[in-house]
>>> print(open('final28.cif').read())   # mmCIF, C-alpha atoms
data_model
#
loop_
_atom_site.label_atom_id
_atom_site.label_comp_id
_atom_site.auth_asym_id
_atom_site.auth_seq_id
_atom_site.Cartn_x
_atom_site.Cartn_y
_atom_site.Cartn_z
CA MET A 1 203.12 366.27 68.51
CA PRO A 2 200.55 365.17 71.12
CA THR A 3 201.70 363.17 74.12
CA GLN A 4 200.69 359.53 74.47
CA ASP A 5 198.16 360.40 77.17
CA ALA A 6 196.61 363.08 74.98
CA ARG A 7 196.40 360.60 72.11
CA ILE A 8 194.77 358.03 74.39
CA LEU A 9 192.13 360.55 75.49
CA PHE A 10 191.45 361.47 71.86
CA GLU A 11 191.01 357.79 70.99
CA LEU A 12 188.73 357.38 74.00
CA ALA A 13 186.53 360.25 72.83
CA THR A 14 186.44 358.74 69.33
CA ALA A 15 185.39 355.35 70.71
CA VAL A 16 182.64 356.89 72.83
CA GLU A 17 181.33 358.86 69.86
CA ALA A 18 181.32 355.67 67.78
CA SER A 19 179.51 353.75 70.56
CA ARG A 20 182.44 351.35 70.86
CA PRO A 21 182.81 349.79 74.34
CA VAL A 22 186.20 350.47 75.89
CA VAL A 23 187.97 350.44 79.25
CA LEU A 24 190.35 353.20 80.28
CA ALA A 25 193.15 351.80 82.45
CA THR A 26 195.03 354.44 84.44
CA VAL A 27 198.01 354.02 86.74
CA VAL A 28 196.80 355.97 89.80
CA ALA A 29 199.57 355.24 92.29
CA THR A 30 203.03 353.70 92.46
CA ARG A 31 205.40 352.92 95.29
CA ARG A 32 209.10 352.33 94.91
CA SER A 33 210.10 350.90 91.53
CA ALA A 34 207.29 350.50 88.94
CA PRO A 35 207.36 350.21 85.14
CA ARG A 36 205.28 353.36 84.46
CA ARG A 37 204.53 356.60 86.29
CA SER A 38 201.21 357.61 87.81
CA GLY A 39 198.81 358.98 85.21
CA THR A 40 199.90 356.59 82.46
CA LYS A 41 196.90 355.37 80.46
CA MET A 42 195.93 352.48 78.24
CA LEU A 43 192.72 351.62 76.37
CA VAL A 44 191.35 348.09 76.20
CA PHE A 45 188.58 347.36 73.69
CA ALA A 46 186.00 344.57 73.74
CA ASP A 47 187.85 342.60 71.05
CA GLY A 48 191.06 342.65 73.09
CA GLU A 49 192.69 345.40 71.04
CA THR A 50 194.72 347.86 73.10
CA SER A 51 196.16 351.33 72.67
CA GLY A 52 199.04 352.54 74.80
CA THR A 53 200.81 350.57 77.50
CA ILE A 54 200.98 350.58 81.27
CA GLY A 55 204.17 348.56 81.45
CA GLY A 56 203.77 345.42 79.40
CA GLY A 57 204.51 341.92 80.56
CA GLU A 58 202.44 339.80 82.90
CA MET A 59 200.96 342.79 84.74
CA GLU A 60 199.56 344.30 81.57
CA ALA A 61 198.19 340.92 80.51
CA ARG A 62 196.31 340.67 83.81
CA VAL A 63 194.95 344.18 83.39
CA ILE A 64 193.68 343.34 79.89
CA ALA A 65 191.94 340.24 81.25
CA ALA A 66 190.38 342.24 84.08
CA ALA A 67 189.24 344.89 81.57
CA GLY A 68 187.22 342.21 79.81
CA GLU A 69 185.44 341.49 83.08
CA VAL A 70 184.80 345.21 83.58
CA LEU A 71 183.17 345.41 80.16
CA SER A 72 180.93 342.50 81.14
CA ASP A 73 179.75 343.78 84.51
CA LYS A 74 180.09 347.51 83.66
CA HIS A 75 181.57 348.29 87.07
CA PRO A 76 184.91 350.08 87.53
CA ARG A 77 187.50 348.48 89.76
CA LEU A 78 190.84 349.23 91.35
CA LEU A 79 193.63 346.71 90.86
CA GLU A 80 196.64 346.50 93.16
CA TYR A 81 199.80 344.62 92.25
CA ALA A 82 203.05 343.95 94.05
CA LEU A 83 205.98 343.54 91.67
CA VAL A 84 208.38 341.63 93.86
CA ASP A 85 208.27 337.83 93.70
CA PRO A 86 206.73 335.94 90.75
CA THR A 87 207.05 332.68 92.68
CA ARG A 88 204.26 333.89 94.94
CA GLY A 89 202.13 335.10 92.05
CA ASP A 90 203.39 338.66 91.58
CA PRO A 91 203.24 339.85 87.94
CA GLY A 92 206.76 341.28 87.94
CA VAL A 93 210.09 341.79 89.72
CA CYS A 94 210.51 345.57 89.60
CA GLY A 95 210.42 345.72 93.39
CA GLY A 96 207.54 348.17 93.77
CA GLU A 97 203.77 348.32 93.94
CA VAL A 98 201.22 349.78 91.53
CA GLU A 99 197.52 350.63 91.58
CA ILE A 100 195.55 350.71 88.33
CA TYR A 101 192.00 352.00 87.95
CA LEU A 102 189.78 350.45 85.28
CA GLU A 103 186.89 352.60 84.10
CA PRO A 104 184.36 351.31 81.53
CA TYR A 105 182.94 353.54 78.82
CA MET A 106 179.90 351.85 77.36
CA PRO A 107 177.87 352.86 74.29
CA ARG A 108 174.93 355.13 74.90
CA HIS A 109 171.67 353.24 75.22
CA ALA A 110 170.04 353.30 71.80
CA VAL A 111 166.34 353.90 71.23
CA TYR A 112 165.09 352.68 67.85
CA VAL A 113 161.86 354.44 66.89
CA VAL A 114 159.94 352.71 64.11
CA GLY A 115 157.29 355.08 62.77
CA CYS A 116 158.21 358.75 62.76
CA GLY A 117 154.86 360.45 62.89
CA HIS A 118 153.89 362.86 65.64
CA VAL A 119 154.46 360.42 68.54
CA GLY A 120 157.68 359.04 67.07
CA ARG A 121 159.12 362.53 66.68
CA ALA A 122 158.21 363.39 70.27
CA VAL A 123 159.90 360.21 71.54
CA ILE A 124 163.05 360.96 69.53
CA ASP A 125 163.21 364.52 70.85
CA LEU A 126 162.81 363.40 74.48
CA ALA A 127 165.20 360.45 74.17
CA HIS A 128 167.81 362.76 72.66
CA TRP A 129 167.35 365.24 75.51
CA LEU A 130 167.80 362.40 78.00
CA GLY A 131 171.13 361.52 76.41
CA TYR A 132 170.16 358.39 74.50
CA ARG A 133 171.29 357.55 70.99
CA THR A 134 168.28 357.84 68.71
CA VAL A 135 167.65 355.88 65.51
CA ALA A 136 164.67 356.94 63.40
CA ILE A 137 163.15 354.35 61.05
CA ASP A 138 160.28 354.86 58.62
CA ASP A 139 159.37 353.52 55.21
CA ARG A 140 158.41 357.05 54.11
CA PRO A 141 161.58 359.00 53.21
CA GLU A 142 159.90 362.35 53.71
CA MET A 143 159.29 361.51 57.39
CA ILE A 144 162.95 361.12 58.33
CA THR A 145 164.69 364.11 56.82
CA PRO A 146 167.15 366.11 58.94
CA GLU A 147 164.65 368.96 58.91
CA ALA A 148 161.85 366.75 60.26
CA LEU A 149 164.05 364.95 62.80
CA PRO A 150 166.93 367.17 63.87
CA ASN A 151 167.46 365.12 67.05
CA ALA A 152 167.85 361.74 65.35
CA ASP A 153 171.41 360.43 65.45
CA GLU A 154 170.66 358.03 62.60
CA ARG A 155 167.88 357.95 60.01
CA VAL A 156 166.93 354.80 58.12
CA THR A 157 164.42 354.51 55.30
CA GLY A 158 162.66 351.15 55.51
CA THR A 159 162.43 348.85 58.52
CA LEU A 160 164.69 347.33 61.17
CA ALA A 161 165.89 344.89 58.50
CA ASP A 162 167.50 347.82 56.68
CA LEU A 163 169.85 348.75 59.52
CA GLU A 164 173.55 348.52 58.71
CA GLU A 165 174.29 347.16 62.19
CA PRO A 166 172.01 344.77 64.13
CA VAL A 167 170.06 346.01 67.14
CA PRO A 168 172.16 345.37 70.28
CA GLY A 169 170.83 343.53 73.29
CA GLU A 170 170.71 346.59 75.53
CA ALA A 171 168.67 348.66 73.10
CA SER A 172 165.01 349.67 73.19
CA ILE A 173 162.63 349.44 70.24
CA VAL A 174 159.62 351.76 70.13
CA LEU A 175 157.02 350.74 67.53
CA VAL A 176 154.66 353.64 66.90
CA THR A 177 153.53 352.79 63.40
CA ARG A 178 150.54 354.15 61.52
CA ASN A 179 148.44 350.99 61.22
CA VAL A 180 147.99 347.27 61.97
CA ASP A 181 149.59 346.20 58.69
CA ARG A 182 152.82 348.00 59.58
CA ASP A 183 152.82 346.42 63.05
CA VAL A 184 152.42 342.95 61.59
CA ALA A 185 155.30 343.63 59.19
CA VAL A 186 157.82 345.03 61.66
CA ILE A 187 157.10 343.22 64.94
CA PRO A 188 158.73 339.95 63.78
CA GLU A 189 161.88 341.95 62.96
CA ALA A 190 161.86 343.43 66.46
CA LEU A 191 161.33 340.01 68.03
CA ALA A 192 164.26 338.63 66.03
CA SER A 193 166.53 341.10 67.83
CA PRO A 194 167.89 340.70 71.38
CA ALA A 195 166.52 344.14 72.36
CA ARG A 196 165.88 344.48 76.07
CA TYR A 197 162.69 346.50 75.53
CA ILE A 198 160.08 346.31 72.77
CA GLY A 199 157.02 348.52 73.06
CA VAL A 200 154.07 348.73 70.67
CA MET A 201 151.64 351.63 70.57
CA GLY A 202 147.93 351.04 70.13
CA SER A 203 144.70 350.20 71.86
CA THR A 204 143.92 346.83 73.40
CA SER A 205 141.62 345.97 70.49
CA ARG A 206 144.30 346.90 67.96
CA TRP A 207 146.80 344.69 69.77
CA ARG A 208 144.36 341.76 69.76
CA SER A 209 144.09 342.11 65.99
CA VAL A 210 147.87 342.33 65.57
CA ALA A 211 148.53 339.41 67.93
CA LYS A 212 146.01 337.17 66.15
CA ARG A 213 147.55 337.82 62.75
CA LEU A 214 151.03 337.16 64.10
CA THR A 215 150.11 333.93 65.90
CA ASP A 216 148.19 332.78 62.80
CA ALA A 217 151.43 333.38 60.89
CA GLY A 218 153.33 331.15 63.32
CA VAL A 219 154.80 333.64 65.80
CA PRO A 220 154.91 331.90 69.22
CA THR A 221 152.83 333.48 71.98
CA SER A 222 155.90 333.35 74.23
CA ASP A 223 157.66 335.71 71.83
CA LEU A 224 154.75 338.14 71.96
CA ASP A 225 155.03 338.14 75.74
CA ARG A 226 158.24 340.17 75.34
CA ILE A 227 156.23 343.11 74.07
CA HIS A 228 155.04 345.98 76.24
CA THR A 229 151.63 347.05 75.04
CA PRO A 230 149.89 349.39 75.33
CA ILE A 231 153.24 351.13 75.30
CA GLY A 232 154.30 353.37 78.16
CA ILE A 233 153.54 353.74 81.84
CA GLU A 234 149.89 354.46 82.60
CA MET A 235 149.81 358.10 83.64
CA HIS A 236 146.73 359.39 81.79
CA ALA A 237 148.98 361.06 79.23
CA GLU A 238 147.19 363.13 76.59
CA THR A 239 149.60 365.40 74.75
CA LEU A 240 152.36 364.14 72.46
CA GLU A 241 154.97 365.25 74.98
CA GLU A 242 153.19 363.46 77.82
CA ILE A 243 152.93 360.27 75.75
CA ALA A 244 156.66 360.48 75.03
CA VAL A 245 157.31 360.87 78.77
CA SER A 246 155.25 357.75 79.53
CA ILE A 247 157.15 355.74 76.91
CA MET A 248 160.60 356.88 78.03
CA ALA A 249 159.61 356.33 81.68
CA GLU A 250 158.82 352.70 80.88
CA ILE A 251 162.11 352.28 79.04
CA ILE A 252 163.99 353.71 82.01
CA GLN A 253 162.05 351.49 84.40
CA VAL A 254 162.87 348.34 82.42
CA ASN A 255 166.53 349.28 82.04
CA ARG A 256 167.00 350.12 85.70
CA ALA A 257 165.25 346.93 86.80
CA ASP A 258 167.52 344.87 84.53
CA ALA A 259 170.62 346.65 85.80
CA SER A 260 169.60 346.04 89.41
CA ALA A 261 168.99 342.36 88.72
CA HIS A 262 172.58 342.00 87.44
CA ASP A 263 174.22 344.19 90.07
CA PRO A 264 176.34 341.96 92.33
CA ALA A 265 175.89 344.42 95.18
#
>>> encode(input="final28.cif", output="structure tokens")
Amino acid sequence: MPTQDARILFELATAVEASRPVVLATVVATRRSAPRRSGTKMLVFADGETSGTIGGGEMEARVIAAAGEVLSDKHPRLLEYALVDPTRGDPGVCGGEVEIYLEPYMPRHAVYVVGCGHVGRAVIDLAHWLGYRTVAIDDRPEMITPEALPNADERVTGTLADLEEPVPGEASIVLVTRNVDRDVAVIPEALASPARYIGVMGSTSRWRSVAKRLTDAGVPTSDLDRIHTPIGIEMHAETLEEIAVSIMAEIIQVNRADASAHDPA
């Protein structure tokens, strides 16, 4: 039978594979009397669910609360508790001290590629190589087979509206569709999501045509301002691989800029 710590690590791996945010709490040091030994682990999920225990009581409650903060700011932290005198705010009376390290495991950044022609496939391949979760979306079933897209983690026939789970706020949407009509159909779905990045492929003249049809249909101009178009960083890319590099470079740039803006340091 596996030990509790082995079970915790297995559950952690399962959560990471399922893109479920979780914090691993580990007792890293103890002095004198403490409820659990060094190395003891506990998982804390975003919904407050836990697995394992690091001692229970008020101390564990504080750790669970701190884990919620770690999931919000995505920064690990070291907690130190004295377990001596509750009248002065200590979370216990064991008589010792304990240090607990909280480490967040966040879902892989997801890249949703709408339109799985030559450019879409190149973006999926590069995003997969970079370690991102890739979701391939196309209204043509023959374009999203496992044979055509071996590096797609998920394949969806249809549009963003056909996803089983909504697009998360930290995701990126890459719209590389085959024509203006498809852009006009899928862009409102992208704008309805909280995605951090939305990029649309096409020339300036194509975008003017798309934007006019969308504004005529009632889409606010302020919503269209969220869109990066022409998609990708300007680097005079020519080949499919180079275009994919320019697109992923822009996604990385936007993500890093956002992370820096929210970094308390």
>>> resolve_selection(input="final28.cif", expression="the PyMOL selection byres ((chain A and resi 127-129) around 12)", output="PyMOL selection string")
chain A and resi 108-113+120-126+130-136+149-154+172-174+241+244-249+251-252
>>> write_last_selection(input="final28.cif", atoms="C-alpha atoms", output="PDB file, keeping the file's coordinate frame")
ATOM      1  CA  ARG A 108     174.930 355.130  74.900  1.00  0.00           C
ATOM      2  CA  HIS A 109     171.670 353.240  75.220  1.00  0.00           C
ATOM      3  CA  ALA A 110     170.040 353.300  71.800  1.00  0.00           C
ATOM      4  CA  VAL A 111     166.340 353.900  71.230  1.00  0.00           C
ATOM      5  CA  TYR A 112     165.090 352.680  67.850  1.00  0.00           C
ATOM      6  CA  VAL A 113     161.860 354.440  66.890  1.00  0.00           C
ATOM      7  CA  GLY A 120     157.680 359.040  67.070  1.00  0.00           C
ATOM      8  CA  ARG A 121     159.120 362.530  66.680  1.00  0.00           C
ATOM      9  CA  ALA A 122     158.210 363.390  70.270  1.00  0.00           C
ATOM     10  CA  VAL A 123     159.900 360.210  71.540  1.00  0.00           C
ATOM     11  CA  ILE A 124     163.050 360.960  69.530  1.00  0.00           C
ATOM     12  CA  ASP A 125     163.210 364.520  70.850  1.00  0.00           C
ATOM     13  CA  LEU A 126     162.810 363.400  74.480  1.00  0.00           C
ATOM     14  CA  LEU A 130     167.800 362.400  78.000  1.00  0.00           C
ATOM     15  CA  GLY A 131     171.130 361.520  76.410  1.00  0.00           C
ATOM     16  CA  TYR A 132     170.160 358.390  74.500  1.00  0.00           C
ATOM     17  CA  ARG A 133     171.290 357.550  70.990  1.00  0.00           C
ATOM     18  CA  THR A 134     168.280 357.840  68.710  1.00  0.00           C
ATOM     19  CA  VAL A 135     167.650 355.880  65.510  1.00  0.00           C
ATOM     20  CA  ALA A 136     164.670 356.940  63.400  1.00  0.00           C
ATOM     21  CA  LEU A 149     164.050 364.950  62.800  1.00  0.00           C
ATOM     22  CA  PRO A 150     166.930 367.170  63.870  1.00  0.00           C
ATOM     23  CA  ASN A 151     167.460 365.120  67.050  1.00  0.00           C
ATOM     24  CA  ALA A 152     167.850 361.740  65.350  1.00  0.00           C
ATOM     25  CA  ASP A 153     171.410 360.430  65.450  1.00  0.00           C
ATOM     26  CA  GLU A 154     170.660 358.030  62.600  1.00  0.00           C
ATOM     27  CA  SER A 172     165.010 349.670  73.190  1.00  0.00           C
ATOM     28  CA  ILE A 173     162.630 349.440  70.240  1.00  0.00           C
ATOM     29  CA  VAL A 174     159.620 351.760  70.130  1.00  0.00           C
ATOM     30  CA  GLU A 241     154.970 365.250  74.980  1.00  0.00           C
ATOM     31  CA  ALA A 244     156.660 360.480  75.030  1.00  0.00           C
ATOM     32  CA  VAL A 245     157.310 360.870  78.770  1.00  0.00           C
ATOM     33  CA  SER A 246     155.250 357.750  79.530  1.00  0.00           C
ATOM     34  CA  ILE A 247     157.150 355.740  76.910  1.00  0.00           C
ATOM     35  CA  MET A 248     160.600 356.880  78.030  1.00  0.00           C
ATOM     36  CA  ALA A 249     159.610 356.330  81.680  1.00  0.00           C
ATOM     37  CA  ILE A 251     162.110 352.280  79.040  1.00  0.00           C
ATOM     38  CA  ILE A 252     163.990 353.710  82.010  1.00  0.00           C
TER      39      ILE A 252
END
>>> atom_distance(input="final28.cif", atom1="atom CA of Gly115 of chain A", atom2="atom CA of Ala148 of chain A")
12.8 Å
>>> residues_around(input="final28.cif", residues="Leu79 of chain A", least_positions_apart="5", cutoff="10 Å", atoms="all atoms listed in the file", output="list in words")
Ala25, Val27, Val28, Arg62, Val63, Ala66, Val98, Glu99, Ile100, Tyr101 and Leu102 of chain A
>>> closest_residue(input="final28.cif", among="A:Val22, A:Ala29, A:Leu9, A:Ala217", to="Gly48 of chain A", atoms="all atoms listed in the file")
A:Val22
>>> closest_residue(input="final28.cif", among="A:Pro104, A:Pro21, A:Gly117, A:Pro146", to="His75 of chain A", atoms="only C-alpha atoms")
A:Pro104
>>> atom_distance(input="final28.cif", atom1="atom CA of Arg140 of chain A", atom2="atom CA of Val180 of chain A")
16.3 Å
>>> atom_distance(input="final28.cif", atom1="atom CA of Ala67 of chain A", atom2="atom CA of Thr14 of chain A")
18.7 Å
>>> resolve_selection(input="final28.cif", expression="the PyMOL selection byres ((chain A and resi 230) around 7)", output="list of chain:residue names")
A:Val200, A:Met201, A:Gly202, A:Ser203, A:Thr204, A:His228, A:Thr229, A:Ile231, A:Gly232
